Amino acid sequence: EVAEVMRVSKMTVYRLVHSGRMPAVRFGRSFRVPEAAVEQYLRSAVVGGRTETA
């Protein structure tokens, strides 16, 4: 679901979680990413060398 919202692959989300750039909670073999974490990541994402808020 996170990958769909962000319009990226599941592997990209997996890498973000494992690198610590996106917080997540592990349940067994899967991860749960809070909706607020996805929104915060997208707001802070760099696009074209500038942040969306700049």
# chains A, B, ... in the order shown; residues from 1 in each chain; ligands from 1
>>> select_by_dssp(residues="chain A", states="strand (DSSP E or B)", output="MDAnalysis selection string")
chainID A and resid 25:27 30:32 46:47 50:51
>>> residues_around(residues="range 1-9 of chain A", least_positions_apart="5", cutoff="10 Å", atoms="only C-alpha atoms", output="ChimeraX atom specification")
/A:14,32-35,38-39,41-42
>>> atom_distance(atom1="CA of Thr12 in chain A", atom2="CA of Phe27 in chain A")
19.1 Å
>>> select_by_dssp(residues="range 12-41 of chain A", states="helix (DSSP H, G or I)", output="mmCIF file with N, CA and C atoms, in the first residue's frame")
data_model
loop_
_atom_site.group_PDB
_atom_site.id
_atom_site.type_symbol
_atom_site.label_atom_id
_atom_site.label_comp_id
_atom_site.auth_asym_id
_atom_site.auth_seq_id
_atom_site.Cartn_x
_atom_site.Cartn_y
_atom_site.Cartn_z
ATOM 1 N N THR A 12 11.750 -0.205 -3.239
ATOM 2 C CA THR A 12 12.146 1.137 -2.820
ATOM 3 C C THR A 12 11.689 1.412 -1.392
ATOM 4 N N VAL A 13 10.463 1.036 -1.074
ATOM 5 C CA VAL A 13 9.951 1.207 0.285
ATOM 6 C C VAL A 13 10.769 0.358 1.242
ATOM 7 N N TYR A 14 11.071 -0.863 0.869
ATOM 8 C CA TYR A 14 11.881 -1.773 1.679
ATOM 9 C C TYR A 14 13.235 -1.138 1.990
ATOM 10 N N ARG A 15 13.875 -0.553 0.984
ATOM 11 C CA ARG A 15 15.180 0.092 1.183
ATOM 12 C C ARG A 15 15.069 1.296 2.111
ATOM 13 N N LEU A 16 14.013 2.089 1.963
ATOM 14 C CA LEU A 16 13.820 3.253 2.832
ATOM 15 C C LEU A 16 13.651 2.830 4.287
ATOM 16 N N VAL A 17 12.896 1.772 4.504
ATOM 17 C CA VAL A 17 12.670 1.281 5.865
ATOM 18 C C VAL A 17 13.971 0.752 6.457
ATOM 19 N N HIS A 18 14.693 -0.051 5.697
ATOM 20 C CA HIS A 18 15.921 -0.652 6.216
ATOM 21 C C HIS A 18 17.046 0.352 6.392
ATOM 22 N N SER A 19 17.034 1.439 5.650
ATOM 23 C CA SER A 19 18.070 2.462 5.812
ATOM 24 C C SER A 19 17.742 3.407 6.965
ATOM 25 N N GLU A 35 0.855 5.972 8.499
ATOM 26 C CA GLU A 35 0.448 6.902 7.435
ATOM 27 C C GLU A 35 1.138 8.249 7.593
ATOM 28 N N ALA A 36 1.273 8.705 8.826
ATOM 29 C CA ALA A 36 1.923 9.996 9.086
ATOM 30 C C ALA A 36 3.382 9.975 8.619
ATOM 31 N N ALA A 37 4.051 8.828 8.735
ATOM 32 C CA ALA A 37 5.439 8.709 8.301
ATOM 33 C C ALA A 37 5.547 8.840 6.784
ATOM 34 N N VAL A 38 4.589 8.273 6.078
ATOM 35 C CA VAL A 38 4.578 8.377 4.614
ATOM 36 C C VAL A 38 4.360 9.833 4.210
ATOM 37 N N GLU A 39 3.394 10.494 4.829
ATOM 38 C CA GLU A 39 3.114 11.895 4.512
ATOM 39 C C GLU A 39 4.318 12.781 4.807
ATOM 40 N N GLN A 40 4.966 12.547 5.945
ATOM 41 C CA GLN A 40 6.138 13.341 6.311
ATOM 42 C C GLN A 40 7.274 13.118 5.322
ATOM 43 N N TYR A 41 7.502 11.872 4.930
ATOM 44 C CA TYR A 41 8.560 11.580 3.972
ATOM 45 C C TYR A 41 8.299 12.278 2.641
#
